[in-house]
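K.L.:
Sending over my_file.txt (compact mmCIF, C-alpha atoms).
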```txt
# COMPACT_ATOMS: atom_id res chain seq x y z
CA MET P 1 -70.44 37.39 7.56
CA PHE P 2 -70.20 34.03 5.84
CA THR P 3 -69.90 32.00 9.05
CA GLU P 4 -72.86 33.72 10.68
CA ASN P 5 -75.01 32.76 7.70
CA ALA P 6 -73.59 29.22 7.69
CA ASN P 7 -74.31 28.68 11.39
CA THR P 8 -77.88 29.94 10.92
CA ILE P 9 -78.38 27.42 8.10
CA PHE P 10 -76.81 24.62 10.15
CA ARG P 11 -79.12 25.31 13.08
CA ARG P 12 -82.10 25.24 10.75
CA ALA P 13 -81.08 21.92 9.21
CA ILE P 14 -80.53 20.37 12.65
CA ALA P 15 -83.87 21.68 13.92
CA ASP P 16 -85.67 20.44 10.80
CA TYR P 17 -84.18 16.97 11.26
CA HIS P 18 -85.14 16.77 14.92
CA ALA P 19 -88.70 17.82 14.13
CA CYS P 20 -89.11 14.28 12.80
CA ASP P 21 -86.00 12.70 14.39
CA GLU P 22 -85.94 9.87 11.87
CA ALA P 23 -82.92 8.92 9.79
CA GLU P 24 -85.15 7.76 6.93
CA HIS P 25 -86.82 11.16 6.61
CA ARG P 26 -85.83 12.97 3.42
CA ALA P 27 -84.59 16.54 3.59
CA ARG P 28 -86.80 19.32 2.25
CA ASN P 29 -84.09 21.80 1.42
CA PRO P 30 -85.66 25.30 1.64
CA TYR P 31 -82.95 26.99 -0.43
CA PRO P 32 -82.69 27.29 -4.23
CA GLU P 33 -80.56 24.61 -5.89
CA ARG P 34 -76.99 25.45 -6.92
CA THR P 35 -76.72 28.15 -4.24
CA ILE P 36 -74.21 28.03 -1.40
CA GLU P 37 -77.13 28.04 1.06
CA TYR P 38 -78.52 24.89 -0.56
CA LEU P 39 -75.15 23.15 -0.28
CA LEU P 40 -74.65 24.19 3.35
CA TYR P 41 -78.12 22.96 4.35
CA LEU P 42 -77.62 19.64 2.56
CA LYS P 43 -74.16 19.22 4.07
CA CYS P 44 -75.45 19.67 7.61
CA TRP P 45 -78.48 17.45 6.96
CA VAL P 46 -76.21 14.61 5.81
CA ASP P 47 -74.00 15.15 8.86
CA THR P 48 -77.04 15.06 11.14
CA VAL P 49 -78.38 11.83 9.68
CA GLN P 50 -74.96 10.22 9.96
CA TRP P 51 -74.63 11.40 13.58
CA HIS P 52 -77.74 9.38 14.45
CA LEU P 53 -76.69 6.37 12.41
CA GLU P 54 -73.43 6.35 14.38
CA ASP P 55 -75.48 6.35 17.61
CA ILE P 56 -77.66 3.46 16.46
CA ILE P 57 -74.81 1.24 15.29
CA ARG P 58 -73.25 1.39 18.78
CA LYS P 59 -76.17 -0.35 20.47
CA PRO P 60 -74.60 -3.30 22.35
CA ASP P 61 -77.39 -5.70 21.33
CA ILE P 62 -77.75 -4.61 17.72
CA ASP P 63 -78.41 -7.39 15.25
CA PRO P 64 -75.19 -8.03 13.27
CA ARG P 65 -77.08 -7.95 9.98
CA ARG P 66 -78.53 -4.55 10.78
CA ALA P 67 -75.11 -3.34 11.92
CA LEU P 68 -73.61 -4.37 8.57
CA MET P 69 -76.40 -2.59 6.72
CA LEU P 70 -75.80 0.54 8.79
CA LYS P 71 -72.05 0.33 8.21
CA ARG P 72 -72.65 0.26 4.45
CA ARG P 73 -74.95 3.25 4.79
CA ILE P 74 -72.41 5.16 6.88
CA ASP P 75 -69.74 4.44 4.25
CA ALA P 76 -72.02 5.86 1.56
CA SER P 77 -72.78 8.87 3.76
CA ASN P 78 -69.08 9.54 4.27
CA GLN P 79 -68.58 9.55 0.51
CA LEU P 80 -71.50 11.96 0.07
CA ARG P 81 -70.08 14.23 2.78
CA THR P 82 -66.75 14.30 0.95
CA ASP P 83 -68.49 15.03 -2.36
CA LEU P 84 -70.41 17.92 -0.79
CA VAL P 85 -67.22 19.41 0.65
CA GLU P 86 -65.73 19.35 -2.83
CA TYR P 87 -68.86 20.98 -4.29
CA ILE P 88 -68.62 23.75 -1.67
CA ASP P 89 -64.95 24.27 -2.47
CA GLN P 90 -65.86 24.50 -6.14
CA TRP P 91 -68.27 27.31 -5.23
CA PHE P 92 -65.40 29.16 -3.57
CA MET P 93 -63.17 28.45 -6.56
CA GLU P 94 -65.73 29.96 -8.92
CA ARG P 95 -66.20 32.96 -6.63
CA TYR P 96 -62.50 33.69 -6.15
CA GLY P 97 -60.96 31.96 -9.16
CA GLY P 98 -60.39 35.32 -10.83
CA VAL P 99 -58.32 36.67 -7.95
CA THR P 100 -54.63 36.91 -8.86
CA PRO P 101 -52.52 35.75 -5.90
CA ARG P 102 -50.02 38.34 -4.71
CA PRO P 103 -46.29 37.60 -4.81
CA GLY P 104 -45.53 35.38 -1.85
CA ALA P 105 -49.16 34.33 -1.42
CA ARG P 106 -49.37 31.43 1.03
CA LYS P 107 -51.20 28.13 0.91
CA ASN P 108 -53.47 26.90 3.69
CA THR P 109 -53.46 23.47 5.31
CA GLU P 110 -57.17 23.06 4.58
CA THR P 111 -59.61 24.54 2.13
CA PRO P 112 -62.58 26.72 3.18
CA ALA P 113 -64.99 23.83 2.70
CA TRP P 114 -63.07 21.50 5.03
CA ALA P 115 -63.25 24.21 7.70
CA ILE P 116 -66.98 24.43 6.96
CA ASP P 117 -67.20 20.66 7.42
CA ARG P 118 -65.77 21.09 10.93
CA LEU P 119 -68.17 23.98 11.59
CA SER P 120 -71.15 21.81 10.65
CA ILE P 121 -70.03 19.05 13.03
CA LEU P 122 -69.49 21.62 15.78
CA ALA P 123 -73.07 22.84 15.33
CA LEU P 124 -74.23 19.26 15.89
CA LYS P 125 -72.05 18.81 18.97
CA ILE P 126 -73.37 22.06 20.44
CA TYR P 127 -76.99 21.06 19.79
CA HIS P 128 -76.61 17.69 21.46
CA MET P 129 -74.51 18.97 24.35
CA LYS P 130 -77.22 21.54 25.09
CA GLN P 131 -79.69 18.66 25.20
CA GLU P 132 -77.49 16.85 27.72
CA CYS P 133 -77.27 19.98 29.86
CA ALA P 134 -81.05 19.92 30.23
CA ARG P 135 -81.71 16.15 30.21
CA ALA P 136 -84.27 15.44 32.91
CA GLY P 137 -83.04 11.91 33.61
CA ALA P 138 -79.43 13.01 34.22
CA ASP P 139 -78.06 13.95 37.63
CA ALA P 140 -76.66 17.37 38.52
CA ALA P 141 -73.06 16.23 38.15
CA HIS P 142 -73.68 15.04 34.58
CA ARG P 143 -75.36 18.29 33.64
CA ALA P 144 -72.50 20.29 35.15
CA ARG P 145 -69.91 18.32 33.18
CA CYS P 146 -71.90 18.89 30.01
CA ARG P 147 -72.15 22.63 30.67
CA SER P 148 -68.37 22.72 30.99
CA LYS P 149 -67.99 20.82 27.71
CA LEU P 150 -70.52 23.13 26.06
CA ASP P 151 -68.42 26.15 27.01
CA VAL P 152 -65.42 24.55 25.29
CA LEU P 153 -67.45 23.78 22.17
CA LEU P 154 -68.76 27.34 21.97
CA THR P 155 -65.20 28.67 22.25
CA GLN P 156 -64.10 26.29 19.50
CA GLN P 157 -66.95 27.50 17.32
CA GLU P 158 -66.02 31.14 17.88
CA ASP P 159 -62.36 30.46 17.11
CA LEU P 160 -63.14 28.44 14.00
CA CYS P 161 -65.50 31.11 12.69
CA GLU P 162 -62.82 33.75 13.17
CA ALA P 163 -60.18 31.65 11.44
CA LEU P 164 -62.49 30.82 8.52
CA GLU P 165 -63.44 34.48 8.03
CA GLU P 166 -59.73 35.35 8.00
CA LEU P 167 -59.04 32.62 5.43
CA ILE P 168 -61.82 33.85 3.14
CA ALA P 169 -60.55 37.44 3.46
CA ASP P 170 -56.99 36.31 2.69
CA ILE P 171 -58.18 34.49 -0.44
CA GLU P 172 -60.22 37.51 -1.55
CA ARG P 173 -57.17 39.79 -1.19
CA GLY P 174 -54.84 37.33 -2.87
CA ASP P 175 -52.80 36.75 0.29
CA LYS P 176 -53.62 33.05 0.16
CA VAL P 177 -54.06 30.76 -2.82
CA MET P 178 -57.50 29.23 -3.37
CA ARG P 179 -57.14 25.62 -4.42
CA THR P 180 -59.29 22.53 -4.22
CA TYR P 181 -57.94 19.15 -3.21
CA LYS P 182 -59.73 15.95 -4.12
CA GLN P 183 -59.78 13.36 -1.36
CA MET P 184 -59.26 10.45 -3.76
CA LYS P 185 -60.91 7.99 -1.39
CA MET P 186 -59.78 4.56 -2.52
CA TYR P 187 -61.81 2.16 -0.38
CA ASN P 188 -65.10 3.07 -2.09
CA ASP P 189 -63.69 2.58 -5.59
CA PRO P 190 -63.88 -1.05 -6.78
CA THR P 191 -60.96 -0.38 -9.14
CA LEU P 192 -58.69 0.85 -6.33
CA ASN P 193 -59.67 -1.27 -3.32
CA PRO P 194 -57.58 -4.50 -3.54
CA VAL P 195 -60.16 -6.47 -1.59
CA LEU P 196 -62.84 -5.56 -4.14
CA TYR P 197 -60.87 -5.86 -7.36
CA GLY P 198 -59.10 -8.94 -5.99
CA GLU P 199 -62.44 -10.74 -5.86
CA VAL P 200 -63.06 -9.91 -9.51
CA GLU P 201 -59.55 -10.88 -10.62
CA ALA P 202 -59.74 -14.15 -8.69
CA ALA P 203 -63.09 -14.97 -10.24
CA ASN P 204 -61.78 -14.19 -13.72
CA SER P 205 -58.71 -16.34 -13.15
CA GLY P 206 -60.82 -19.26 -12.02
CA CYS P 207 -59.37 -19.27 -8.50
CA LYS P 208 -62.83 -19.00 -6.94
```
Could you render the structure from this file as C-alpha cells?
P.N.:
Amino acid sequence: MFTENANTIFRRAIADYHACDEAEHRARNPYPERTIEYLLYLKCWVDTVQWHLEDIIRKPDIDPRRALMLKRRIDASNQLRTDLVEYIDQWFMERYGGVTPRPGARKNTETPAWAIDRLSILALKIYHMKQECARAGADAAHRARCRSKLDVLLTQQEDLCEALEELIADIERGDKVMRTYKQMKMYNDPTLNPVLYGEVEAANSGCK
C-alpha cells in the first residue's frame, strides 16, 4: 500500500534527523533521485527541520536578531514544503494522467500530495508524543495525558491513510479527477507582495 510505504519512509527520515538532532545537518537521502521515495523522504526531512526551528524560535529569551533570522528560514522552508507537495502531485499526475475520468467523476477537496503533507506532519507528532509519554523528567499525569493524545494521533493516522488509499484508488479507476493546484503564494514573490514591490517603486519614484 502506498501509505504503508510512505509512513515507513517518514519514520526513517525522522529517525535519521534525530540521530544528529541538528537543524543544520544536511539530509543524506538514501533513495534514488526523481523517485517518489526520494520526494517523500525529502518532504519529511524538511518538515522535521522546520518542526525544530519552530521550537527554537519560541524560546522566551531568544535574541531578536536570531528570531528574525529563524523567521526568514522558516519562510523559506514553507516555500520549499509547498514546492515539494507540488512535485509529489506531479508524480501522481504523470502516473495517472492517462486515466480517462468516468462520466460524473468527482473532484476532491485536496490533492493526494496535500494529504501526504498531513501524513508527514502526523508522523512527526506521533514521534514526539511518544517521546513525551516516556520523558523521565515528566510526572505521571503528564505522561498519561500524552498517552491519551497519542491514541488520538494514531487514530487520525489510520483514518488519513484509509482516506488517502481510497482517493488513490478512485483516481486510478477514474471515479475522481486527478488535478494539481498551484498554491500561488504571494508573500514570497517580490512582484506580488505590496510591501516588497512598494519599496522598489518608492525608491524608483524618489520618495525614499
K.L.:
Could you tell me how far CA of Thr109 (chain P) lies from CA of Ile168 (chain P), in Å and to one decimal?
P.N.:
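Interatomic distance here is 13.5 Å.
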K.L.:
Need to verify the contact set: region 87-92 of chain P, 9 Å, only C-alpha atoms, exclusion of same-chain residues closer than 4 positions in sequence. Can you return it as a list in words?
P.N.:
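Result of the neighbour search: Thr35, Ile36, Leu39, Leu40, Thr82, Asp83, Tyr96, Gly97, Thr111, Pro112, Ala113, Trp114, Ile116, Ile168, Met178, Arg179, Thr180 and Tyr181 of chain P.
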K.L.:
Given the choices P:Ala134, P:Ala123, P:Val177, P:Ala140, which gets closest to Leu153 (chain P) if the distance is worked out from all atoms listed in the file?
P.N.:
P:Ala123
K.L.:
Restrict the calculation to all atoms listed in the file, then for each residue of region 102-164 of chain P with any atom at most 10 Å from an atom of region 50-60 of chain P give the closest atom pair and their distance in Å to one decimal, rows by chain and rising residue number, as CSV.
P.N.:
```
residue,atom,partner,partner_atom,distance
P:Ile121,CA,P:Trp51,CA,8.9
P:Leu124,CA,P:Trp51,CA,8.2
P:Lys125,CA,P:Trp51,CA,9.5
```
K.L.:
Set the distance at 12 Å and use only C-alpha atoms: which residues neighbour Arg102 (chain P) once local chain neighbours fewer than 4 positions away are removed? I'd like the list as a PyMOL selection string.
P.N.:
chain P and resi 106-107+170-178
K.L.:
Just give me the gap between CA of Ala19 (chain P) and CA of His128 (chain P) in Å, one decimal is fine.
P.N.:
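Distance reported for this atom pair: 14.1 Å.
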K.L.:
Please tell me which residues are no farther than 7 Å from (-77.8, 18.7, 31.3) in the file, counting all atoms listed in the file, and write them as an MDAnalysis selection string.
P.N.:
chainID P and resid 130:135 138 142:144 146:147
K.L.:
Excluding Arg12 (chain P) and residues on its chain fewer than 4 positions from it, collect all residues at most 8 Å away from it, counting only C-alpha atoms, and give them as an MDAnalysis selection string.
P.N.:
chainID P and resid 8 16 41
K.L.:
Find the residues around Pro30 (chain P) up to 10 Å (only C-alpha atoms counted), leave out those fewer than 2 positions away in its own chain, and share them as a PyMOL selection string.
P.N.:
chain P and resi 9+12-13+27-28+32-33+37-38+41-42
K.L.:
Could you name the residues that touch Leu164 (chain P) at 8 Å or less, counting only C-alpha atoms, but leaving out those on the same chain fewer than 2 positions away, as an NGL selection string?
P.N.:
:P and (3 or 112 or 115-116 or 160-162 or 166-168)
K.L.:
Report the distance between CA of Leu84 (chain P) and CA of Asn193 (chain P) in Å, rounded to one decimal place.
P.N.:
22.1 Å
K.L.:
Check the smallest atom-to-atom distance from each of P:Ala67, P:Val49, P:Val152, P:Cys44 to Glu24 (chain P) using only C-alpha atoms, then report the winner.
P.N.:
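Looking at the shortest contact to Glu24 (chain P), the residue is P:Val49.
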K.L.:
Which centre and which edge lengths, in Å to one decimal, describe the axis-aligned box that holds all listed atoms of region 113-122 of chain P after 5 Å is added on each side, as JSON?
P.N.:
```
{"center_x": -67.1, "center_y": 21.7, "center_z": 9.2, "size_x": 18.1, "size_y": 15.4, "size_z": 23.1}
```
